[in-house]
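Working notes, beginning with the structure itself.
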Amino acid sequence: MSFRYTMMGAAVGLFVFYLGLLLSLLFFVSGGGFWAALTNPYTLFSIQLSLITATAATFFALLIGLPAAYALSRFEFPGKRILDTFLEIPMIISPIALGASLLIFFNTPLGEIIQRKGFFFVFEVPGIVLAQFATIAGLTTRLMKVSLDEISPRYEAVARSLGSSPWKAFSKITLPLALRGLIASVILAWAKALGEFGATVMVAGAMPGKTETMPIAIYTALSSANIEKTVVLILILAVFGLGTLYGARLTGKRYRYD
Amino acid sequence: MIKIEGLTLRVESFNITNLDIAIDEGGFHFLLGPTGSGKTLILESIMGLHRPKGGKIRVGDREVQHLPPERREISYVPQDLALFPHLTVKENILFGIHARNLNPAAYEDHVRSLIEVMRVDHLLERYPANLSGGEKKRTALLRALAPRPKLLLLDEPLSGLDPSMKIEIQHLLKTLHAAFHPTTLCVTHDFEEAYFLGDEITICIDGKVEQAGRKDDVFLRPRSKKVAQFLGARNLYRATVLRKEEPEQRWILGVNGLHFSVPESSCLHSTEMGKDVDLFIRSEEVMIIRDGKPVKDSLKRNIFDGEIVDIIDKGRYSVIYFQTVEGKIFFEISIPNYAFRNLELSVGKGVKAALREESLWVMT
């Protein structure tokens, strides 16, 4: 077999593997059952909750991740390498461990003060957002840093020599040039937040109609042998996730750089 | 007037100490130095990207070393040009005018005449990705000049161009400067480029200014062996001052038993007998004497018998490697092709080489 076909065979093999997994789900789907599971109020609630919390978590990850990514991409400062390494925390320790850490934190004096001040996270919806944020913030920052690294700092240097403030140089030059990569980073982060399970279940629990996101609903449905609901939720999660990721690949205009 | 006084920089492995550069209003000043000597760092510091450890940068009557880049009124054209790829040529050109909140109407005539001189009027709606190398250079220069900066910084403006394009941009820069007189500081490692375009030259080697002055002074009268070597000097010898011929004010120098007669005006400093000095012989000022041809009196003092040991054809000129009979000293001699053909030279041929007065320069 030629080199080219061997390599392409591996790629196609991976595609067939994942597609096969998804198609196998259809084996358990019947028209009526599928519709009943889909329109179940708890299913609809978990879909709605997942969309809202993933969007909120992504917003916060973008809010803090973009400046952090810019700082890591452009500036030299003490402790930069340590900070950079810490971005990998969510990937190194499992989401369960991350969620457990959050839960433990809210039992420390500082955590208790936060809860006493009216900011309730444990077994509450904000806890879901926090858990998802904790899982995706590092990844989002890392991905956005890669996008910013691709843009030569010389563009900003020239913009500044022409009279732009650092903010203006960033908004007029770096941001439009990195936009495609930044949007892709955000979409990827959103898809990851949407599918987040471990940390969320630790912090917010699995209360149907209150803190049950789609991945948690999949777990509880399967635990109670409700295969049709499980399949419906998996397919919805896959459609959302694949749709957004494919959208990320199509986003924006690609510039040719000198 | 732009004055850089005692600029001291320490960034990563680069160490620049006490750099002084003065550029007259409308002057074209070159900062020459070997590749990797920190020239770009100097430009970026003047522009405001790096904070100097010491020294002053004066633009007109303002000290700007503490100001951010956007308040210095210094435009910068980096080596890679950094044309904004998401903006058209027109938007690139007008970027500085908008960024400085200048009134576009007040700059309309200036920008139009720049566009005419730079011949980019047909490119205004294009994006940088669709421009040739030369068009990109012209756009970058235009963008830098549009907001009428107090100082224009150019980083290796002729690098990365093919020879014909290089000549075109070189002439364009000359035309541009003659038409708009922007006060310009340009860094390069290419002394031919500096000689063609510059008025004044500062030579910076290993983070220190080795020589500064009018271009002829720097090229014809290097102040040290380091500068001479950087400028491409090939025939450099350690010589001993043997005696002075008082009536003619000439020094006789000895190298391996071979005697050179050098006018006092070709010595950087006053010298004395017995002193060791550096003798520099310009390869393009050495002549091969044809048999039977009369020789000028001024050449008779320094005529040497020798043999051609090698000939290298450089395309537009030839380099002759000549070894003297006495002292066995090698000279590198550059001869234009038309002269080379007339001389009918070949390896192993015995010839006489004569040194013009202008070929000799003595540094202590």
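Residues are named by chain letter and number: chains run A, B, ... in the order of the structure tokens, numbers start at 1 in each chain, and ligands are numbered from 1 in the order shown.
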**Request:** Using only C-alpha atoms, determine which residues lie at most 10 Å from B:Val59, disregarding the query and same-chain residues fewer than 5 positions distant; provide the list as a ChimeraX atom specification.
**Result:** /B:1-4,23,25,64-65,72-74,150-151
Mind dumping the selected residues with N, CA, C and O atoms as a PDB file, in the first residue's frame?
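So out06.pdb came out as:
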ATOM      1  N   MET B   1      16.033  69.146  13.792  1.00  0.00           N
ATOM      2  CA  MET B   1      17.268  68.474  14.235  1.00  0.00           C
ATOM      3  C   MET B   1      16.925  67.312  15.183  1.00  0.00           C
ATOM      4  O   MET B   1      16.135  67.486  16.094  1.00  0.00           O
ATOM      5  N   ILE B   2      17.492  66.162  14.879  1.00  0.00           N
ATOM      6  CA  ILE B   2      17.300  64.993  15.749  1.00  0.00           C
ATOM      7  C   ILE B   2      18.639  64.735  16.442  1.00  0.00           C
ATOM      8  O   ILE B   2      19.679  64.676  15.777  1.00  0.00           O
ATOM      9  N   LYS B   3      18.578  64.610  17.749  1.00  0.00           N
ATOM     10  CA  LYS B   3      19.829  64.354  18.486  1.00  0.00           C
ATOM     11  C   LYS B   3      19.648  63.175  19.418  1.00  0.00           C
ATOM     12  O   LYS B   3      18.741  63.173  20.254  1.00  0.00           O
ATOM     13  N   ILE B   4      20.495  62.206  19.228  1.00  0.00           N
ATOM     14  CA  ILE B   4      20.499  61.066  20.145  1.00  0.00           C
ATOM     15  C   ILE B   4      21.816  61.168  20.904  1.00  0.00           C
ATOM     16  O   ILE B   4      22.890  61.184  20.296  1.00  0.00           O
ATOM     17  N   ILE B  23      21.205  64.263  13.479  1.00  0.00           N
ATOM     18  CA  ILE B  23      20.706  64.324  12.094  1.00  0.00           C
ATOM     19  C   ILE B  23      20.106  65.712  11.869  1.00  0.00           C
ATOM     20  O   ILE B  23      19.210  66.143  12.603  1.00  0.00           O
ATOM     21  N   GLU B  25      17.896  68.600  10.103  1.00  0.00           N
ATOM     22  CA  GLU B  25      16.535  68.633   9.540  1.00  0.00           C
ATOM     23  C   GLU B  25      16.614  68.296   8.049  1.00  0.00           C
ATOM     24  O   GLU B  25      17.386  68.914   7.307  1.00  0.00           O
ATOM     25  N   VAL B  64      12.106  63.028  23.949  1.00  0.00           N
ATOM     26  CA  VAL B  64      11.011  62.058  23.786  1.00  0.00           C
ATOM     27  C   VAL B  64      11.304  60.701  24.420  1.00  0.00           C
ATOM     28  O   VAL B  64      10.477  59.801  24.323  1.00  0.00           O
ATOM     29  N   GLN B  65      12.464  60.549  25.048  1.00  0.00           N
ATOM     30  CA  GLN B  65      12.824  59.197  25.510  1.00  0.00           C
ATOM     31  C   GLN B  65      11.844  58.632  26.544  1.00  0.00           C
ATOM     32  O   GLN B  65      11.783  57.430  26.732  1.00  0.00           O
ATOM     33  N   ARG B  72       5.643  60.278  19.863  1.00  0.00           N
ATOM     34  CA  ARG B  72       6.986  60.729  19.475  1.00  0.00           C
ATOM     35  C   ARG B  72       7.033  61.363  18.081  1.00  0.00           C
ATOM     36  O   ARG B  72       8.025  61.944  17.705  1.00  0.00           O
ATOM     37  N   GLU B  73       6.000  61.106  17.279  1.00  0.00           N
ATOM     38  CA  GLU B  73       5.973  61.580  15.874  1.00  0.00           C
ATOM     39  C   GLU B  73       7.150  61.019  15.081  1.00  0.00           C
ATOM     40  O   GLU B  73       7.827  61.721  14.340  1.00  0.00           O
ATOM     41  N   ILE B  74       7.428  59.759  15.341  1.00  0.00           N
ATOM     42  CA  ILE B  74       8.494  59.053  14.623  1.00  0.00           C
ATOM     43  C   ILE B  74       7.854  57.880  13.886  1.00  0.00           C
ATOM     44  O   ILE B  74       7.245  57.018  14.522  1.00  0.00           O
ATOM     45  N   LYS B 150       8.252  63.600  12.268  1.00  0.00           N
ATOM     46  CA  LYS B 150       9.442  64.428  12.500  1.00  0.00           C
ATOM     47  C   LYS B 150      10.698  63.634  12.134  1.00  0.00           C
ATOM     48  O   LYS B 150      11.737  64.206  11.831  1.00  0.00           O
ATOM     49  N   LEU B 151      10.582  62.305  12.249  1.00  0.00           N
ATOM     50  CA  LEU B 151      11.714  61.437  11.922  1.00  0.00           C
ATOM     51  C   LEU B 151      11.177  60.154  11.282  1.00  0.00           C
ATOM     52  O   LEU B 151      10.190  59.581  11.749  1.00  0.00           O
TER      53      LEU B 151
END
Hey, list the chain A side of the contact with chain B: 12 Å cut-off, only C-alpha atoms, answer as an mmCIF file with all heavy atoms, in the first residue's frame.
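File result.cif, as written:
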data_model
loop_
_atom_site.group_PDB
_atom_site.id
_atom_site.type_symbol
_atom_site.label_atom_id
_atom_site.label_comp_id
_atom_site.auth_asym_id
_atom_site.auth_seq_id
_atom_site.Cartn_x
_atom_site.Cartn_y
_atom_site.Cartn_z
ATOM 1 N N PHE A 75 4.135 39.997 26.467
ATOM 2 C CA PHE A 75 4.996 40.591 27.492
ATOM 3 C C PHE A 75 5.865 39.546 28.174
ATOM 4 O O PHE A 75 5.494 38.390 28.273
ATOM 5 C CB PHE A 75 4.155 41.311 28.563
ATOM 6 C CG PHE A 75 3.205 42.342 28.000
ATOM 7 C CD1 PHE A 75 1.877 42.384 28.416
ATOM 8 C CD2 PHE A 75 3.628 43.260 27.047
ATOM 9 C CE1 PHE A 75 0.995 43.316 27.890
ATOM 10 C CE2 PHE A 75 2.761 44.204 26.530
ATOM 11 C CZ PHE A 75 1.440 44.232 26.947
ATOM 12 N N GLU A 76 7.007 40.029 28.647
ATOM 13 C CA GLU A 76 7.859 39.204 29.504
ATOM 14 C C GLU A 76 7.687 39.719 30.925
ATOM 15 O O GLU A 76 7.770 40.918 31.160
ATOM 16 C CB GLU A 76 9.331 39.336 29.086
ATOM 17 C CG GLU A 76 9.659 38.680 27.747
ATOM 18 C CD GLU A 76 9.338 37.190 27.710
ATOM 19 O OE1 GLU A 76 9.560 36.503 28.716
ATOM 20 O OE2 GLU A 76 8.830 36.738 26.664
ATOM 21 N N ILE A 151 0.246 36.479 15.142
ATOM 22 C CA ILE A 151 0.246 37.857 14.624
ATOM 23 C C ILE A 151 1.535 38.540 15.084
ATOM 24 O O ILE A 151 1.756 38.690 16.282
ATOM 25 C CB ILE A 151 -0.986 38.643 15.140
ATOM 26 C CG1 ILE A 151 -2.264 37.838 14.931
ATOM 27 C CG2 ILE A 151 -1.060 40.020 14.485
ATOM 28 C CD1 ILE A 151 -2.560 37.427 13.511
ATOM 29 N N SER A 152 2.348 38.944 14.135
ATOM 30 C CA SER A 152 3.626 39.562 14.479
ATOM 31 C C SER A 152 3.416 40.830 15.311
ATOM 32 O O SER A 152 2.597 41.682 14.944
ATOM 33 C CB SER A 152 4.384 39.914 13.198
ATOM 34 O OG SER A 152 5.441 40.791 13.502
ATOM 35 N N PRO A 153 4.142 40.982 16.414
ATOM 36 C CA PRO A 153 4.015 42.202 17.221
ATOM 37 C C PRO A 153 4.450 43.455 16.449
ATOM 38 O O PRO A 153 4.155 44.559 16.851
ATOM 39 C CB PRO A 153 4.965 41.962 18.411
ATOM 40 C CG PRO A 153 5.468 40.587 18.291
ATOM 41 C CD PRO A 153 5.123 40.046 16.956
ATOM 42 N N ARG A 154 5.122 43.237 15.331
ATOM 43 C CA ARG A 154 5.576 44.371 14.529
ATOM 44 C C ARG A 154 4.402 45.186 13.957
ATOM 45 O O ARG A 154 4.509 46.376 13.744
ATOM 46 C CB ARG A 154 6.471 43.875 13.390
ATOM 47 C CG ARG A 154 7.788 44.583 13.364
ATOM 48 C CD ARG A 154 8.697 43.988 12.352
ATOM 49 N NE ARG A 154 9.634 43.087 12.951
ATOM 50 C CZ ARG A 154 10.648 43.471 13.702
ATOM 51 N NH1 ARG A 154 10.886 44.719 13.917
ATOM 52 N NH2 ARG A 154 11.464 42.587 14.223
ATOM 53 N N TYR A 155 3.269 44.494 13.696
ATOM 54 C CA TYR A 155 2.092 45.232 13.210
ATOM 55 C C TYR A 155 1.686 46.298 14.232
ATOM 56 O O TYR A 155 1.418 47.439 13.887
ATOM 57 C CB TYR A 155 0.910 44.286 12.981
ATOM 58 C CG TYR A 155 1.076 43.351 11.817
ATOM 59 C CD1 TYR A 155 1.107 41.983 11.999
ATOM 60 C CD2 TYR A 155 1.186 43.840 10.522
ATOM 61 C CE1 TYR A 155 1.244 41.118 10.934
ATOM 62 C CE2 TYR A 155 1.329 42.981 9.436
ATOM 63 C CZ TYR A 155 1.360 41.611 9.662
ATOM 64 O OH TYR A 155 1.504 40.763 8.601
ATOM 65 N N GLU A 156 1.654 45.866 15.493
ATOM 66 C CA GLU A 156 1.281 46.808 16.549
ATOM 67 C C GLU A 156 2.342 47.887 16.713
ATOM 68 O O GLU A 156 2.018 49.048 16.959
ATOM 69 C CB GLU A 156 1.115 46.069 17.872
ATOM 70 C CG GLU A 156 -0.270 45.534 18.060
ATOM 71 C CD GLU A 156 -0.434 44.837 19.394
ATOM 72 O OE1 GLU A 156 -0.326 45.499 20.430
ATOM 73 O OE2 GLU A 156 -0.641 43.611 19.379
ATOM 74 N N ALA A 157 3.602 47.486 16.584
ATOM 75 C CA ALA A 157 4.694 48.458 16.724
ATOM 76 C C ALA A 157 4.545 49.560 15.681
ATOM 77 O O ALA A 157 4.668 50.749 15.993
ATOM 78 C CB ALA A 157 6.039 47.749 16.575
ATOM 79 N N VAL A 158 4.263 49.145 14.449
ATOM 80 C CA VAL A 158 4.094 50.132 13.374
ATOM 81 C C VAL A 158 2.863 50.997 13.646
ATOM 82 O O VAL A 158 2.903 52.219 13.492
ATOM 83 C CB VAL A 158 4.001 49.431 12.006
ATOM 84 C CG1 VAL A 158 3.572 50.397 10.917
ATOM 85 C CG2 VAL A 158 5.338 48.814 11.641
ATOM 86 N N ALA A 159 1.776 50.350 14.072
ATOM 87 C CA ALA A 159 0.548 51.107 14.360
ATOM 88 C C ALA A 159 0.816 52.153 15.441
ATOM 89 O O ALA A 159 0.341 53.286 15.347
ATOM 90 C CB ALA A 159 -0.555 50.155 14.797
ATOM 91 N N ARG A 160 1.600 51.774 16.422
ATOM 92 C CA ARG A 160 1.899 52.728 17.501
ATOM 93 C C ARG A 160 2.789 53.851 17.000
ATOM 94 O O ARG A 160 2.620 55.003 17.369
ATOM 95 C CB ARG A 160 2.514 52.002 18.689
ATOM 96 C CG ARG A 160 1.511 51.049 19.315
ATOM 97 C CD ARG A 160 1.874 50.666 20.699
ATOM 98 N NE ARG A 160 1.939 51.803 21.586
ATOM 99 C CZ ARG A 160 2.486 51.760 22.785
ATOM 100 N NH1 ARG A 160 2.992 50.637 23.228
ATOM 101 N NH2 ARG A 160 2.527 52.825 23.546
ATOM 102 N N SER A 161 3.743 53.521 16.136
ATOM 103 C CA SER A 161 4.597 54.582 15.597
ATOM 104 C C SER A 161 3.766 55.546 14.741
ATOM 105 O O SER A 161 4.127 56.701 14.577
ATOM 106 C CB SER A 161 5.750 53.998 14.776
ATOM 107 O OG SER A 161 5.332 53.691 13.465
ATOM 108 N N LEU A 162 2.649 55.044 14.222
ATOM 109 C CA LEU A 162 1.788 55.917 13.401
ATOM 110 C C LEU A 162 0.773 56.687 14.251
ATOM 111 O O LEU A 162 -0.059 57.402 13.709
ATOM 112 C CB LEU A 162 1.065 55.075 12.345
ATOM 113 C CG LEU A 162 1.966 54.503 11.241
ATOM 114 C CD1 LEU A 162 1.228 53.457 10.419
ATOM 115 C CD2 LEU A 162 2.472 55.609 10.327
ATOM 116 N N GLY A 163 0.836 56.498 15.559
ATOM 117 C CA GLY A 163 0.004 57.322 16.439
ATOM 118 C C GLY A 163 -1.080 56.593 17.203
ATOM 119 O O GLY A 163 -1.857 57.226 17.907
ATOM 120 N N SER A 164 -1.137 55.265 17.107
ATOM 121 C CA SER A 164 -2.181 54.523 17.833
ATOM 122 C C SER A 164 -1.748 54.250 19.267
ATOM 123 O O SER A 164 -0.601 53.877 19.505
ATOM 124 C CB SER A 164 -2.450 53.173 17.165
ATOM 125 O OG SER A 164 -2.949 53.346 15.884
ATOM 126 N N SER A 165 -2.711 54.379 20.193
ATOM 127 C CA SER A 165 -2.446 53.979 21.579
ATOM 128 C C SER A 165 -2.384 52.447 21.606
ATOM 129 O O SER A 165 -2.835 51.795 20.649
ATOM 130 C CB SER A 165 -3.573 54.472 22.470
ATOM 131 O OG SER A 165 -4.757 53.777 22.127
ATOM 132 N N PRO A 166 -1.886 51.848 22.701
ATOM 133 C CA PRO A 166 -1.864 50.378 22.749
ATOM 134 C C PRO A 166 -3.254 49.768 22.570
ATOM 135 O O PRO A 166 -3.413 48.743 21.918
ATOM 136 C CB PRO A 166 -1.320 50.069 24.145
ATOM 137 C CG PRO A 166 -0.611 51.298 24.582
ATOM 138 C CD PRO A 166 -1.250 52.452 23.889
ATOM 139 N N TRP A 167 -4.293 50.397 23.159
ATOM 140 C CA TRP A 167 -5.664 49.883 23.035
ATOM 141 C C TRP A 167 -6.121 49.933 21.587
ATOM 142 O O TRP A 167 -6.735 49.000 21.081
ATOM 143 C CB TRP A 167 -6.626 50.719 23.902
ATOM 144 C CG TRP A 167 -6.391 50.543 25.359
ATOM 145 C CD1 TRP A 167 -5.701 51.398 26.180
ATOM 146 C CD2 TRP A 167 -6.811 49.460 26.193
ATOM 147 N NE1 TRP A 167 -5.669 50.912 27.464
ATOM 148 C CE2 TRP A 167 -6.358 49.722 27.515
ATOM 149 C CE3 TRP A 167 -7.539 48.291 25.962
ATOM 150 C CZ2 TRP A 167 -6.591 48.867 28.573
ATOM 151 C CZ3 TRP A 167 -7.778 47.440 27.032
ATOM 152 C CH2 TRP A 167 -7.306 47.718 28.322
ATOM 153 N N LYS A 168 -5.828 51.083 20.942
ATOM 154 C CA LYS A 168 -6.262 51.273 19.560
ATOM 155 C C LYS A 168 -5.514 50.311 18.631
ATOM 156 O O LYS A 168 -6.116 49.720 17.725
ATOM 157 C CB LYS A 168 -5.974 52.715 19.140
ATOM 158 C CG LYS A 168 -6.937 53.255 18.127
ATOM 159 C CD LYS A 168 -6.714 54.755 17.993
ATOM 160 C CE LYS A 168 -7.699 55.394 17.052
ATOM 161 N NZ LYS A 168 -7.493 56.838 16.959
ATOM 162 N N ALA A 169 -4.213 50.142 18.875
ATOM 163 C CA ALA A 169 -3.420 49.225 18.044
ATOM 164 C C ALA A 169 -3.962 47.807 18.185
ATOM 165 O O ALA A 169 -4.056 47.060 17.208
ATOM 166 C CB ALA A 169 -1.959 49.286 18.448
ATOM 167 N N SER A 171 -7.139 46.961 19.092
ATOM 168 C CA SER A 171 -8.486 46.816 18.530
ATOM 169 C C SER A 171 -8.504 46.960 17.008
ATOM 170 O O SER A 171 -9.308 46.321 16.334
ATOM 171 C CB SER A 171 -9.446 47.813 19.174
ATOM 172 O OG SER A 171 -9.034 49.125 18.864
ATOM 173 N N LYS A 172 -7.621 47.813 16.464
ATOM 174 C CA LYS A 172 -7.660 48.062 15.016
ATOM 175 C C LYS A 172 -6.789 47.075 14.220
ATOM 176 O O LYS A 172 -7.023 46.869 13.031
ATOM 177 C CB LYS A 172 -7.171 49.488 14.703
ATOM 178 C CG LYS A 172 -8.025 50.572 15.276
ATOM 179 C CD LYS A 172 -9.185 50.862 14.374
ATOM 180 C CE LYS A 172 -10.027 51.980 14.945
ATOM 181 N NZ LYS A 172 -11.308 52.121 14.280
ATOM 182 N N ILE A 173 -5.775 46.553 14.862
ATOM 183 C CA ILE A 173 -4.830 45.704 14.110
ATOM 184 C C ILE A 173 -4.838 44.253 14.600
ATOM 185 O O ILE A 173 -5.242 43.341 13.889
ATOM 186 C CB ILE A 173 -3.396 46.286 14.183
ATOM 187 C CG1 ILE A 173 -3.378 47.733 13.656
ATOM 188 C CG2 ILE A 173 -2.410 45.407 13.438
ATOM 189 C CD1 ILE A 173 -3.786 47.913 12.212
ATOM 190 N N THR A 174 -4.411 44.056 15.854
ATOM 191 C CA THR A 174 -4.240 42.682 16.325
ATOM 192 C C THR A 174 -5.562 41.918 16.372
ATOM 193 O O THR A 174 -5.644 40.775 15.921
ATOM 194 C CB THR A 174 -3.565 42.679 17.709
ATOM 195 O OG1 THR A 174 -2.397 43.478 17.614
ATOM 196 C CG2 THR A 174 -3.181 41.289 18.139
ATOM 197 N N LEU A 175 -6.584 42.576 16.921
ATOM 198 C CA LEU A 175 -7.872 41.884 17.072
ATOM 199 C C LEU A 175 -8.460 41.445 15.722
ATOM 200 O O LEU A 175 -8.803 40.259 15.568
ATOM 201 C CB LEU A 175 -8.850 42.784 17.840
ATOM 202 C CG LEU A 175 -10.057 42.091 18.464
ATOM 203 C CD1 LEU A 175 -9.634 41.002 19.430
ATOM 204 C CD2 LEU A 175 -10.936 43.108 19.183
ATOM 205 N N PRO A 176 -8.543 42.341 14.728
ATOM 206 C CA PRO A 176 -9.081 41.855 13.433
ATOM 207 C C PRO A 176 -8.227 40.760 12.808
ATOM 208 O O PRO A 176 -8.756 39.832 12.206
ATOM 209 C CB PRO A 176 -9.069 43.100 12.537
ATOM 210 C CG PRO A 176 -8.894 44.253 13.431
ATOM 211 C CD PRO A 176 -8.276 43.786 14.697
ATOM 212 N N LEU A 177 -6.906 40.863 12.977
ATOM 213 C CA LEU A 177 -6.034 39.864 12.361
ATOM 214 C C LEU A 177 -6.148 38.504 13.058
ATOM 215 O O LEU A 177 -6.021 37.462 12.434
ATOM 216 C CB LEU A 177 -4.574 40.335 12.371
ATOM 217 C CG LEU A 177 -4.249 41.521 11.465
ATOM 218 C CD1 LEU A 177 -2.778 41.901 11.583
ATOM 219 C CD2 LEU A 177 -4.568 41.188 10.017
ATOM 220 N N ALA A 178 -6.389 38.550 14.383
ATOM 221 C CA ALA A 178 -6.450 37.288 15.137
ATOM 222 C C ALA A 178 -7.881 36.790 15.280
ATOM 223 O O ALA A 178 -8.106 35.726 15.868
ATOM 224 C CB ALA A 178 -5.830 37.490 16.521
ATOM 225 N N LEU A 179 -8.836 37.541 14.743
ATOM 226 C CA LEU A 179 -10.253 37.262 15.016
ATOM 227 C C LEU A 179 -10.660 35.826 14.683
ATOM 228 O O LEU A 179 -11.351 35.161 15.455
ATOM 229 C CB LEU A 179 -11.131 38.251 14.242
ATOM 230 C CG LEU A 179 -12.570 38.337 14.736
ATOM 231 C CD1 LEU A 179 -12.611 38.765 16.189
ATOM 232 C CD2 LEU A 179 -13.380 39.296 13.887
ATOM 233 N N GLY A 252 -14.525 33.409 9.640
ATOM 234 C CA GLY A 252 -13.592 34.495 9.328
ATOM 235 C C GLY A 252 -12.834 34.347 8.041
ATOM 236 O O GLY A 252 -12.902 33.345 7.334
ATOM 237 N N LYS A 253 -12.084 35.417 7.772
ATOM 238 C CA LYS A 253 -11.297 35.499 6.549
ATOM 239 C C LYS A 253 -9.850 35.195 6.919
ATOM 240 O O LYS A 253 -9.350 35.662 7.926
ATOM 241 C CB LYS A 253 -11.404 36.933 6.025
ATOM 242 C CG LYS A 253 -10.742 37.161 4.702
ATOM 243 C CD LYS A 253 -11.026 38.601 4.271
ATOM 244 C CE LYS A 253 -10.277 38.923 3.014
ATOM 245 N NZ LYS A 253 -10.498 40.320 2.622
ATOM 246 N N ARG A 254 -9.211 34.397 6.109
ATOM 247 C CA ARG A 254 -7.807 34.074 6.401
ATOM 248 C C ARG A 254 -6.923 35.066 5.653
ATOM 249 O O ARG A 254 -7.042 35.226 4.442
ATOM 250 C CB ARG A 254 -7.507 32.649 5.941
ATOM 251 C CG ARG A 254 -6.151 32.150 6.370
ATOM 252 C CD ARG A 254 -5.912 30.773 5.790
ATOM 253 N NE ARG A 254 -6.666 29.759 6.503
ATOM 254 C CZ ARG A 254 -6.207 29.125 7.572
ATOM 255 N NH1 ARG A 254 -5.021 29.425 8.054
ATOM 256 N NH2 ARG A 254 -6.906 28.201 8.163
ATOM 257 N N TYR A 255 -6.056 35.749 6.385
ATOM 258 C CA TYR A 255 -5.162 36.735 5.755
ATOM 259 C C TYR A 255 -3.824 36.102 5.439
ATOM 260 O O TYR A 255 -3.358 35.223 6.159
ATOM 261 C CB TYR A 255 -4.943 37.937 6.676
ATOM 262 C CG TYR A 255 -6.199 38.704 6.925
ATOM 263 C CD1 TYR A 255 -6.845 38.623 8.150
ATOM 264 C CD2 TYR A 255 -6.760 39.479 5.920
ATOM 265 C CE1 TYR A 255 -8.021 39.315 8.385
ATOM 266 C CE2 TYR A 255 -7.938 40.172 6.142
ATOM 267 C CZ TYR A 255 -8.552 40.082 7.378
ATOM 268 O OH TYR A 255 -9.710 40.760 7.595
ATOM 269 N N ARG A 256 -3.247 36.589 4.371
ATOM 270 C CA ARG A 256 -1.872 36.156 4.073
ATOM 271 C C ARG A 256 -0.941 37.163 4.701
ATOM 272 O O ARG A 256 -1.030 38.358 4.470
ATOM 273 C CB ARG A 256 -1.665 36.131 2.560
ATOM 274 C CG ARG A 256 -1.985 34.774 1.948
ATOM 275 C CD ARG A 256 -2.100 34.860 0.489
ATOM 276 N NE ARG A 256 -0.886 35.391 -0.122
ATOM 277 C CZ ARG A 256 -0.860 35.857 -1.359
ATOM 278 N NH1 ARG A 256 -1.942 35.868 -2.086
ATOM 279 N NH2 ARG A 256 0.255 36.304 -1.864
ATOM 280 N N TYR A 257 -0.053 36.675 5.541
ATOM 281 C CA TYR A 257 0.870 37.570 6.235
ATOM 282 C C TYR A 257 2.202 37.600 5.522
ATOM 283 O O TYR A 257 2.615 36.633 4.910
ATOM 284 C CB TYR A 257 1.081 37.117 7.682
ATOM 285 C CG TYR A 257 -0.204 36.969 8.437
ATOM 286 C CD1 TYR A 257 -0.640 35.730 8.877
ATOM 287 C CD2 TYR A 257 -1.006 38.076 8.675
ATOM 288 C CE1 TYR A 257 -1.838 35.598 9.551
ATOM 289 C CE2 TYR A 257 -2.199 37.953 9.361
ATOM 290 C CZ TYR A 257 -2.601 36.714 9.791
ATOM 291 O OH TYR A 257 -3.784 36.579 10.457
ATOM 292 N N ASP A 258 2.899 38.746 5.671
ATOM 293 C CA ASP A 258 4.243 38.855 5.090
ATOM 294 C C ASP A 258 5.243 38.200 6.016
ATOM 295 O O ASP A 258 5.073 38.210 7.200
ATOM 296 C CB ASP A 258 4.603 40.326 4.911
ATOM 297 C CG ASP A 258 3.743 40.938 3.830
ATOM 298 O OD1 ASP A 258 3.559 40.270 2.807
ATOM 299 O OD2 ASP A 258 3.239 42.048 4.024
#
**Item:** Which of stretch 138-265 of chain B fall in alpha helix (DSSP H), as a PyMOL selection string
**Value:** chain B and resi 138-145+163-180+191-197+215-220+225-230
**Prompt:** What is the distance, in Å and to one decimal place, between atom CA of B:Glu125 and atom CA of B:Val111?
**Reply:** 15.3 Å
**Asked** Of the candidates A:Phe59, A:Thr140, A:Ala37, A:Phe77, which shows the shortest atom-to-atom distance to A:Ala217, using only C-alpha atoms?
**Response**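 The closest residue to A:Ala217 is A:Ala37.
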**Request:** Mind giving me the straight-line distance from atom CA of B:Ile320 to atom CA of B:Ile308 in Å, one decimal?
**Result:**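 Atom CA of B:Ile320 sits 6.8 Å away from atom CA of B:Ile308.
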**Request:** Find the spatial neighbours of A:Ile64, counting only C-alpha atoms, within a cut-off of 10 Å - ignore same-chain residues fewer than 4 positions away - and output them as a VMD selection string.
**Result:** chain A and resid 59 to 60 68 to 69 137 140 to 141
**Fill in**
Across A:Gln48, A:Thr200, A:Ser30, A:Ser2, the smallest distance to A:Ala100, with only C-alpha atoms counted, is shown by A:Thr200
**Message:** I'd like the neighbourhood of A:Gly205 as an MDAnalysis selection string, where a residue qualifies if any of its atoms comes within 9 Å (using only C-alpha atoms), though same-chain residues fewer than 4 positions away should be ignored.
**Reply:** chainID A and resid 122:124 128 200:201 211:212 216
**Message:** With only C-alpha atoms as the counted atoms, please give the residues lying no more than 8 Å from stretch 195-200 of chain B, apart from itself and same-chain residues fewer than 4 positions off, as a PyMOL selection string.
**Reply:** chain B and resi 27-30+170+173-174+191+212-215
**Prompt:** Excluding same-chain residues fewer than 6 positions from A:Ser185, what lies within 9 Å of it counting only C-alpha atoms, as a list of chain:residue names?
**Reply:** A:Leu139, A:Thr140, A:Thr141, A:Arg142, A:Leu143, A:Met144, A:Ser147, A:Ala248
